[in-house]
>>> print(open('work_16.cif').read())   # mmCIF, C-alpha atoms
data_run
loop_
_atom_site.group_PDB
_atom_site.id
_atom_site.type_symbol
_atom_site.label_atom_id
_atom_site.label_comp_id
_atom_site.auth_asym_id
_atom_site.auth_seq_id
_atom_site.Cartn_x
_atom_site.Cartn_y
_atom_site.Cartn_z
ATOM 1 C CA MET A 1 -22.588 -13.247 15.902
ATOM 2 C CA MET A 2 -19.072 -14.705 15.878
ATOM 3 C CA ARG A 3 -18.824 -14.138 12.129
ATOM 4 C CA GLU A 4 -19.568 -10.414 12.583
ATOM 5 C CA VAL A 5 -16.936 -10.147 15.320
ATOM 6 C CA GLU A 6 -14.371 -11.838 13.050
ATOM 7 C CA LYS A 7 -15.250 -9.484 10.180
ATOM 8 C CA ARG A 8 -14.863 -6.468 12.463
ATOM 9 C CA LYS A 9 -11.469 -7.699 13.720
ATOM 10 C CA GLU A 10 -10.318 -8.251 10.129
ATOM 11 C CA TYR A 11 -11.510 -4.753 9.183
ATOM 12 C CA ILE A 12 -9.606 -3.185 12.115
ATOM 13 C CA ARG A 13 -6.490 -5.200 11.247
ATOM 14 C CA ARG A 14 -6.590 -3.991 7.623
ATOM 15 C CA LYS A 15 -7.069 -0.345 8.655
ATOM 16 C CA LYS A 16 -4.085 -0.558 11.030
ATOM 17 C CA GLN A 17 -2.030 -2.145 8.263
ATOM 18 C CA GLN A 18 -2.918 0.684 5.851
ATOM 19 C CA GLU A 19 -2.020 3.316 8.460
ATOM 20 C CA MET A 20 1.300 1.583 9.101
ATOM 21 C CA VAL A 21 2.032 1.587 5.354
ATOM 22 C CA LEU A 22 1.470 5.337 5.143
ATOM 23 C CA GLU A 23 3.508 6.008 8.296
ATOM 24 C CA LYS A 24 6.350 3.782 7.056
ATOM 25 C CA LYS A 25 6.563 5.807 3.861
ATOM 26 C CA GLY A 26 6.681 9.052 5.861
ATOM 27 C CA GLN A 27 3.336 10.148 4.462
ATOM 28 C CA SER A 28 0.143 11.064 6.180
ATOM 29 C CA HIS A 29 -3.286 11.018 4.597
ATOM 30 C CA GLN A 30 -2.547 14.493 3.250
ATOM 31 C CA SER A 31 0.245 15.359 0.862
ATOM 32 C CA SER A 32 0.955 18.287 -1.402
ATOM 33 C CA LEU A 33 1.026 18.379 -5.189
ATOM 34 C CA ASP A 34 2.568 20.810 -7.646
ATOM 35 C CA PHE A 35 -0.590 22.934 -7.913
ATOM 36 C CA GLY A 36 0.065 24.197 -4.370
ATOM 37 C CA GLY A 37 -2.995 22.779 -2.624
ATOM 38 C CA GLN A 38 -3.374 20.090 -0.022
ATOM 39 C CA ILE A 39 -5.026 16.884 -1.119
ATOM 40 C CA CYS A 40 -6.753 14.280 0.990
ATOM 41 C CA ILE A 41 -6.798 10.588 0.132
ATOM 42 C CA MET A 42 -9.730 8.390 1.150
ATOM 43 C CA VAL A 43 -9.310 4.619 0.857
ATOM 44 C CA MET A 44 -12.675 3.376 -0.400
ATOM 45 C CA GLU A 45 -11.859 -0.316 -0.669
ATOM 46 C CA THR A 46 -9.010 -2.758 -0.211
ATOM 47 C CA LYS A 47 -9.731 -6.400 -0.836
ATOM 48 C CA MET A 48 -7.983 -9.659 -1.579
ATOM 49 C CA VAL A 49 -8.727 -11.294 -4.935
ATOM 50 C CA THR A 50 -8.112 -14.972 -5.629
ATOM 51 C CA ASN A 51 -7.413 -16.333 -9.110
ATOM 52 C CA VAL A 52 -7.559 -20.111 -9.532
ATOM 53 C CA VAL A 53 -4.980 -21.425 -11.997
ATOM 54 C CA SER A 54 -3.864 -24.924 -12.912
ATOM 55 C CA LEU A 55 -1.095 -24.913 -10.272
ATOM 56 C CA GLY A 56 -3.259 -23.596 -7.433
ATOM 57 C CA ARG A 57 -4.453 -20.231 -6.243
ATOM 58 C CA VAL A 58 -2.883 -16.826 -6.856
ATOM 59 C CA PHE A 59 -3.701 -14.112 -4.314
ATOM 60 C CA ASN A 60 -3.631 -10.420 -5.221
ATOM 61 C CA PHE A 61 -4.863 -7.269 -3.517
ATOM 62 C CA THR A 62 -6.868 -4.495 -5.153
ATOM 63 C CA SER A 63 -7.358 -0.986 -3.797
ATOM 64 C CA LEU A 64 -9.644 1.875 -4.716
ATOM 65 C CA VAL A 65 -8.903 5.409 -3.484
ATOM 66 C CA PHE A 66 -10.635 8.768 -3.872
ATOM 67 C CA ILE A 67 -8.566 11.962 -3.928
ATOM 68 C CA GLY A 68 -9.822 15.520 -3.397
ATOM 69 C CA ASN A 69 -8.475 18.899 -2.350
ATOM 70 C CA PHE A 70 -11.752 20.411 -0.982
ATOM 71 C CA ASN A 71 -11.616 23.013 -3.764
ATOM 72 C CA GLY A 72 -12.810 21.335 -6.974
ATOM 73 C CA VAL A 73 -9.892 19.063 -7.901
ATOM 74 C CA ILE A 74 -10.809 15.374 -7.616
ATOM 75 C CA SER A 75 -9.658 11.977 -8.796
ATOM 76 C CA TYR A 76 -9.897 8.284 -8.131
ATOM 77 C CA GLY A 77 -7.365 5.537 -8.601
ATOM 78 C CA LYS A 78 -7.340 1.760 -8.811
ATOM 79 C CA GLY A 79 -4.333 -0.369 -7.989
ATOM 80 C CA ARG A 80 -3.438 -4.016 -7.920
ATOM 81 C CA GLY A 81 -0.479 -5.719 -6.282
ATOM 82 C CA VAL A 82 0.830 -8.768 -4.487
ATOM 83 C CA ASP A 83 0.218 -7.142 -1.084
ATOM 84 C CA SER A 84 -2.027 -4.378 0.209
ATOM 85 C CA GLU A 85 0.858 -1.899 0.449
ATOM 86 C CA THR A 86 1.747 -2.252 -3.225
ATOM 87 C CA SER A 87 -1.866 -2.045 -4.358
ATOM 88 C CA LEU A 88 -2.418 1.086 -2.256
ATOM 89 C CA GLU A 89 0.705 2.757 -3.684
ATOM 90 C CA LYS A 90 -0.377 1.965 -7.244
ATOM 91 C CA ALA A 91 -3.894 3.269 -6.580
ATOM 92 C CA ILE A 92 -2.550 6.563 -5.217
ATOM 93 C CA GLN A 93 -0.181 6.947 -8.192
ATOM 94 C CA ASN A 94 -3.046 6.190 -10.602
ATOM 95 C CA GLY A 95 -5.230 8.734 -8.819
ATOM 96 C CA LYS A 96 -2.584 11.475 -9.015
ATOM 97 C CA GLN A 97 -2.328 10.929 -12.782
ATOM 98 C CA ASN A 98 -6.109 11.269 -13.333
ATOM 99 C CA LEU A 99 -6.860 14.581 -11.591
ATOM 100 C CA ILE A 100 -9.769 16.611 -12.970
ATOM 101 C CA ALA A 101 -11.139 20.040 -12.037
ATOM 102 C CA ILE A 102 -14.888 20.617 -11.673
ATOM 103 C CA ASP A 103 -16.795 23.881 -11.982
ATOM 104 C CA LEU A 104 -17.468 25.344 -8.536
ATOM 105 C CA ASP A 105 -18.697 28.662 -7.214
ATOM 106 C CA ILE A 106 -17.544 29.657 -3.733
ATOM 107 C CA TYR A 107 -21.005 30.568 -2.468
ATOM 108 C CA ILE A 108 -23.320 28.254 -4.436
ATOM 109 C CA THR A 109 -21.554 24.962 -5.084
ATOM 110 C CA CYS A 110 -24.650 23.150 -6.397
ATOM 111 C CA PRO A 111 -26.823 25.674 -8.276
ATOM 112 C CA GLY A 112 -29.262 23.227 -9.868
ATOM 113 C CA TYR A 113 -30.892 19.809 -9.605
ATOM 114 C CA LEU A 114 -28.662 16.975 -10.842
ATOM 115 C CA LYS A 115 -29.602 13.315 -11.305
ATOM 116 C CA GLU A 116 -27.412 10.481 -12.500
ATOM 117 C CA SER A 117 -27.274 6.680 -12.349
ATOM 118 C CA PHE A 118 -24.771 3.935 -13.050
ATOM 119 C CA ASN A 119 -25.218 0.161 -12.505
ATOM 120 C CA ASN A 120 -28.089 0.363 -9.992
ATOM 121 C CA VAL A 121 -26.593 3.339 -8.144
ATOM 122 C CA HIS A 122 -28.804 6.439 -8.387
ATOM 123 C CA ILE A 123 -27.735 9.843 -7.016
ATOM 124 C CA GLU A 124 -29.815 13.013 -6.910
ATOM 125 C CA LEU A 125 -28.303 16.353 -5.830
ATOM 126 C CA TYR A 126 -30.495 19.276 -4.831
ATOM 127 C CA PRO A 127 -29.357 22.835 -4.094
ATOM 128 C CA LYS A 128 -29.788 23.839 -0.444
ATOM 129 C CA LYS A 129 -28.747 26.825 1.607
ATOM 130 C CA GLU A 130 -27.002 24.524 4.069
ATOM 131 C CA CYS A 131 -25.812 20.952 3.735
ATOM 132 C CA ASN A 132 -28.617 18.537 4.559
ATOM 133 C CA ALA A 133 -27.118 15.081 4.199
ATOM 134 C CA TRP A 134 -28.597 11.887 5.539
ATOM 135 C CA GLY A 135 -27.496 8.450 4.462
ATOM 136 C CA SER A 136 -24.186 7.450 2.933
ATOM 137 C CA LEU A 137 -21.158 8.814 4.778
ATOM 138 C CA THR A 138 -18.937 7.750 1.891
ATOM 139 C CA LEU A 139 -20.850 9.907 -0.585
ATOM 140 C CA LEU A 140 -20.981 12.801 1.887
ATOM 141 C CA THR A 141 -17.207 12.651 2.376
ATOM 142 C CA MET A 142 -16.636 12.509 -1.378
ATOM 143 C CA LEU A 143 -18.838 15.575 -1.914
ATOM 144 C CA TYR A 144 -17.007 17.517 0.807
ATOM 145 C CA MET A 145 -13.636 16.508 -0.621
ATOM 146 C CA ALA A 146 -14.807 17.787 -4.012
ATOM 147 C CA GLY A 147 -15.491 21.188 -2.432
ATOM 148 C CA MET A 148 -19.296 21.085 -2.453
ATOM 149 C CA ASN A 149 -21.162 22.293 0.630
ATOM 150 C CA ASN A 150 -24.600 23.639 -0.393
ATOM 151 C CA PHE A 151 -26.551 20.523 -1.271
ATOM 152 C CA MET A 152 -28.932 17.781 -0.264
ATOM 153 C CA PHE A 153 -28.616 14.327 -1.790
ATOM 154 C CA HIS A 154 -30.565 11.118 -2.201
ATOM 155 C CA LEU A 155 -28.722 7.873 -2.807
ATOM 156 C CA ILE A 156 -30.336 4.628 -3.929
ATOM 157 C CA GLN A 157 -27.747 1.874 -4.117
ATOM 158 C CA ASP A 158 -28.679 -1.712 -4.988
ATOM 159 C CA SER A 159 -25.079 -2.945 -5.034
ATOM 160 C CA SER A 160 -22.471 -2.452 -2.351
ATOM 161 C CA LYS A 161 -19.599 -2.017 -4.813
ATOM 162 C CA PRO A 162 -17.768 1.249 -4.146
ATOM 163 C CA LEU A 163 -16.521 1.403 -7.746
ATOM 164 C CA ASN A 164 -20.124 1.807 -8.986
ATOM 165 C CA LEU A 165 -20.641 4.619 -6.458
ATOM 166 C CA GLY A 166 -17.420 6.271 -7.647
ATOM 167 C CA TYR A 167 -18.395 6.152 -11.328
ATOM 168 C CA CYS A 168 -21.862 7.537 -10.601
ATOM 169 C CA PHE A 169 -20.340 10.264 -8.420
ATOM 170 C CA PHE A 170 -17.970 11.348 -11.185
ATOM 171 C CA LYS A 171 -20.798 11.391 -13.735
ATOM 172 C CA ILE A 172 -22.893 13.718 -11.576
ATOM 173 C CA VAL A 173 -20.099 15.991 -10.344
ATOM 174 C CA THR A 174 -18.663 16.605 -13.814
ATOM 175 C CA ARG A 175 -22.129 17.852 -14.887
ATOM 176 C CA ASN A 176 -22.093 20.498 -12.121
ATOM 177 C CA SER A 177 -21.859 24.127 -13.200
ATOM 178 C CA THR A 178 -21.692 27.591 -11.676
ATOM 179 C CA PRO A 179 -24.493 30.196 -11.595
ATOM 180 C CA LYS A 180 -22.540 32.256 -14.143
ATOM 181 C CA ILE A 181 -22.427 29.377 -16.629
ATOM 182 C CA LEU A 182 -26.144 28.674 -16.076
ATOM 183 C CA ALA A 183 -27.009 32.342 -16.716
ATOM 184 C CA GLU A 184 -25.005 32.355 -19.944
ATOM 185 C CA MET A 185 -26.770 29.191 -21.117
ATOM 186 C CA MET A 186 -30.246 30.557 -20.302
ATOM 187 C CA GLY A 187 -29.560 33.854 -22.039
#
>>> encode(input="work_16.cif", output="structure tokens")
Amino acid sequence: MMREVEKRKEYIRRKKQQEMVLEKKGQSHQSSLDFGGQICIMVMETKMVTNVVSLGRVFNFTSLVFIGNFNGVISYGKGRGVDSETSLEKAIQNGKQNLIAIDLDIYITCPGYLKESFNNVHIELYPKKECNAWGSLTLLTMLYMAGMNNFMFHLIQDSSKPLNLGYCFFKIVTRNSTPKILAEMMG
């Protein structure tokens, strides 16, 4: 029980530290890019990594962020630094350099069944009239930030690594199409 309380306190301390970093820089979680839209940055993971060398231990921080503008432009970024602030900055910069646009229709964002897997993470997306999500809040937030809202999903995740979830998410979302593209393919 004490171990869980300590983990929770450490988690809260890290979140406050990340918020202070963004406030110190004069940024909020939303910033604007050149394409004129607002983007939202979700910190998926920040962790401390230890490398053992002949002289002792070297501590580094790694961060993983997901970026979306709620209208079909998404990205993710990885960063590494000597402190959490530096790793978060590098991850955001990396994410802004890797932006991609996915095919979306305003009314039917998920027109067909999609299934994808990566390293024991399996995602299935079904078209629905309304969003019917139950399970992973991280995946739900990523889908909303990508601009999708007419779907139901199933997630089977054997590993708790958010990077595997991110890769699987990008594999399935880049396969998405619009009803117009599907009609042209079918003839």
>>> residues_near_point(input="work_16.cif", point="(-4.3, 12.9, -7.0)", cutoff="9 Å", atoms="all atoms listed in the file", output="count of residues only")
22
>>> residues_around(input="work_16.cif", residues="Asn164 in chain A", least_positions_apart="4", cutoff="9 Å", atoms="only C-alpha atoms", output="ChimeraX atom specification")
/A:118-121,159-160,168-169
>>> residues_around(input="work_16.cif", residues="range 81-87 of chain A", least_positions_apart="3", cutoff="6 Å", atoms="only C-alpha atoms", output="VMD selection string")
chain A and resid 60 to 63 90
>>> resolve_selection(input="work_16.cif", expression="the PyMOL selection byres ((chain A and resi 143-148) around 6)", output="PyMOL selection string")
chain A and resi 68-72+74+109+140-142+149
>>> residues_near_point(input="work_16.cif", point="(-22.2, 18.2, -10.2)", cutoff="10 Å", atoms="all atoms listed in the file", output="list in words")
Ile102, Asp103, Leu104, Thr109, Cys110, Pro111, Gly112, Tyr113, Leu114, Lys115, Glu116, Glu124, Leu125, Tyr126, Leu143, Ala146, Met148, Phe169, Phe170, Lys171, Ile172, Val173, Thr174, Arg175, Asn176, Ser177 and Thr178 of chain A
>>> atom_distance(input="work_16.cif", atom1="CA of Ser54 in chain A", atom2="CA of Glu89 in chain A")
29.5 Å
>>> atom_distance(input="work_16.cif", atom1="CA of Tyr107 in chain A", atom2="CA of Trp134 in chain A")
21.7 Å
>>> atom_distance(input="work_16.cif", atom1="CA of Leu64 in chain A", atom2="CA of Lys161 in chain A")
10.7 Å
>>> resolve_selection(input="work_16.cif", expression="the PyMOL selection byres ((chain A and resi 132) around 8)", output="VMD selection string")
chain A and resid 128 130 to 131 133 to 134 151 to 153
>>> write_last_selection(input="work_16.cif", atoms="C-alpha atoms", output="PDB file, in the coordinates of the input")
ATOM      1  CA  LYS A 128     -29.788  23.839  -0.444  1.00  0.00           C
ATOM      2  CA  GLU A 130     -27.002  24.524   4.069  1.00  0.00           C
ATOM      3  CA  CYS A 131     -25.812  20.952   3.735  1.00  0.00           C
ATOM      4  CA  ALA A 133     -27.118  15.081   4.199  1.00  0.00           C
ATOM      5  CA  TRP A 134     -28.597  11.887   5.539  1.00  0.00           C
ATOM      6  CA  PHE A 151     -26.551  20.523  -1.271  1.00  0.00           C
ATOM      7  CA  MET A 152     -28.932  17.781  -0.264  1.00  0.00           C
ATOM      8  CA  PHE A 153     -28.616  14.327  -1.790  1.00  0.00           C
TER       9      PHE A 153
END
>>> axis_aligned_box(input="work_16.cif", around="range 114-128 of chain A", padding_each_side="3 Å", output="lines of an AutoDock Vina configuration file")
center_x = -27.6
center_y = 12.0
center_z = -6.7
size_x = 11.7
size_y = 29.7
size_z = 18.6
>>> decode(input="work_16.cif", residues="range 72-88 of chain A", atoms="all heavy atoms", output="short mmCIF file (atom, residue, chain, number, x, y, z; two decimals), in the first residue's frame")
data_model
loop_
_atom_site.label_atom_id
_atom_site.label_comp_id
_atom_site.auth_asym_id
_atom_site.auth_seq_id
_atom_site.Cartn_x
_atom_site.Cartn_y
_atom_site.Cartn_z
N GLY A 72 -7.14 16.15 -38.31
CA GLY A 72 -6.44 15.28 -39.24
C GLY A 72 -4.95 15.47 -39.34
O GLY A 72 -4.30 14.79 -40.13
N VAL A 73 -4.35 16.38 -38.59
CA VAL A 73 -2.91 16.55 -38.59
C VAL A 73 -2.39 16.02 -37.26
O VAL A 73 -2.79 16.49 -36.20
CB VAL A 73 -2.50 18.02 -38.78
CG1 VAL A 73 -0.99 18.18 -38.70
CG2 VAL A 73 -3.01 18.55 -40.10
N ILE A 74 -1.51 15.00 -37.33
CA ILE A 74 -1.03 14.34 -36.11
C ILE A 74 0.47 14.13 -36.20
O ILE A 74 1.06 14.18 -37.27
CB ILE A 74 -1.73 12.99 -35.87
CG1 ILE A 74 -1.58 12.07 -37.07
CG2 ILE A 74 -3.18 13.19 -35.50
CD1 ILE A 74 -2.11 10.67 -36.87
N SER A 75 1.06 13.85 -35.04
CA SER A 75 2.49 13.56 -34.98
C SER A 75 2.82 12.99 -33.61
O SER A 75 2.01 13.05 -32.69
CB SER A 75 3.29 14.83 -35.20
OG SER A 75 4.67 14.56 -35.11
N TYR A 76 4.00 12.43 -33.50
CA TYR A 76 4.52 12.05 -32.20
C TYR A 76 6.00 12.40 -32.19
O TYR A 76 6.63 12.53 -33.23
CB TYR A 76 4.31 10.57 -31.89
CG TYR A 76 5.22 9.63 -32.62
CD1 TYR A 76 6.39 9.18 -32.03
CD2 TYR A 76 4.94 9.20 -33.90
CE1 TYR A 76 7.24 8.32 -32.70
CE2 TYR A 76 5.78 8.35 -34.58
CZ TYR A 76 6.93 7.92 -33.98
OH TYR A 76 7.78 7.07 -34.64
N GLY A 77 6.53 12.59 -31.00
CA GLY A 77 7.94 12.94 -30.90
C GLY A 77 8.58 12.28 -29.69
O GLY A 77 7.93 12.11 -28.65
N LYS A 78 9.84 11.92 -29.85
CA LYS A 78 10.62 11.34 -28.76
C LYS A 78 11.78 12.28 -28.47
O LYS A 78 12.36 12.85 -29.39
CB LYS A 78 11.16 9.97 -29.13
CG LYS A 78 10.10 8.94 -29.39
CD LYS A 78 10.67 7.56 -29.61
CE LYS A 78 11.50 7.48 -30.87
NZ LYS A 78 11.97 6.13 -31.16
N GLY A 79 12.09 12.44 -27.18
CA GLY A 79 13.19 13.30 -26.81
C GLY A 79 13.97 12.71 -25.66
O GLY A 79 13.43 11.97 -24.84
N ARG A 80 15.23 13.09 -25.59
CA ARG A 80 16.09 12.59 -24.53
C ARG A 80 16.96 13.74 -24.06
O ARG A 80 17.48 14.52 -24.87
CB ARG A 80 16.94 11.46 -25.07
CG ARG A 80 17.76 10.78 -24.03
CD ARG A 80 18.52 9.62 -24.64
NE ARG A 80 19.22 8.93 -23.57
CZ ARG A 80 19.33 7.64 -23.51
NH1 ARG A 80 18.81 6.89 -24.43
NH2 ARG A 80 19.98 7.08 -22.51
N GLY A 81 17.12 13.86 -22.73
CA GLY A 81 17.93 14.95 -22.20
C GLY A 81 18.40 14.66 -20.79
O GLY A 81 18.02 13.66 -20.18
N VAL A 82 19.19 15.58 -20.25
CA VAL A 82 19.74 15.38 -18.92
C VAL A 82 18.71 15.66 -17.83
O VAL A 82 18.85 15.21 -16.70
CB VAL A 82 20.99 16.26 -18.69
CG1 VAL A 82 22.12 15.81 -19.58
CG2 VAL A 82 20.68 17.72 -18.92
N ASP A 83 17.64 16.41 -18.16
CA ASP A 83 16.55 16.61 -17.21
C ASP A 83 15.23 16.50 -17.98
O ASP A 83 15.20 16.44 -19.20
CB ASP A 83 16.66 17.95 -16.48
CG ASP A 83 16.69 19.14 -17.43
OD1 ASP A 83 16.75 18.93 -18.65
OD2 ASP A 83 16.66 20.28 -16.92
N SER A 84 14.13 16.46 -17.23
CA SER A 84 12.83 16.23 -17.87
C SER A 84 12.43 17.41 -18.76
O SER A 84 11.77 17.23 -19.77
CB SER A 84 11.77 15.97 -16.82
OG SER A 84 11.64 17.07 -15.96
N GLU A 85 12.85 18.61 -18.39
CA GLU A 85 12.52 19.79 -19.20
C GLU A 85 13.16 19.71 -20.58
O GLU A 85 12.51 19.93 -21.60
CB GLU A 85 13.01 21.04 -18.46
CG GLU A 85 12.75 22.33 -19.20
CD GLU A 85 13.27 23.53 -18.43
OE1 GLU A 85 13.45 23.44 -17.22
OE2 GLU A 85 13.49 24.56 -19.08
N THR A 86 14.43 19.36 -20.62
CA THR A 86 15.14 19.24 -21.90
C THR A 86 14.57 18.13 -22.75
O THR A 86 14.38 18.30 -23.96
CB THR A 86 16.64 18.97 -21.65
OG1 THR A 86 17.14 19.95 -20.74
CG2 THR A 86 17.43 19.03 -22.93
N SER A 87 14.26 17.00 -22.14
CA SER A 87 13.72 15.88 -22.91
C SER A 87 12.34 16.22 -23.46
O SER A 87 12.00 15.85 -24.59
CB SER A 87 13.67 14.61 -22.07
OG SER A 87 12.72 14.72 -21.05
N LEU A 88 11.54 16.96 -22.70
CA LEU A 88 10.21 17.36 -23.16
C LEU A 88 10.31 18.35 -24.31
O LEU A 88 9.58 18.24 -25.30
CB LEU A 88 9.42 17.95 -22.00
CG LEU A 88 7.93 18.15 -22.21
CD1 LEU A 88 7.25 16.82 -22.52
CD2 LEU A 88 7.31 18.78 -20.99
#
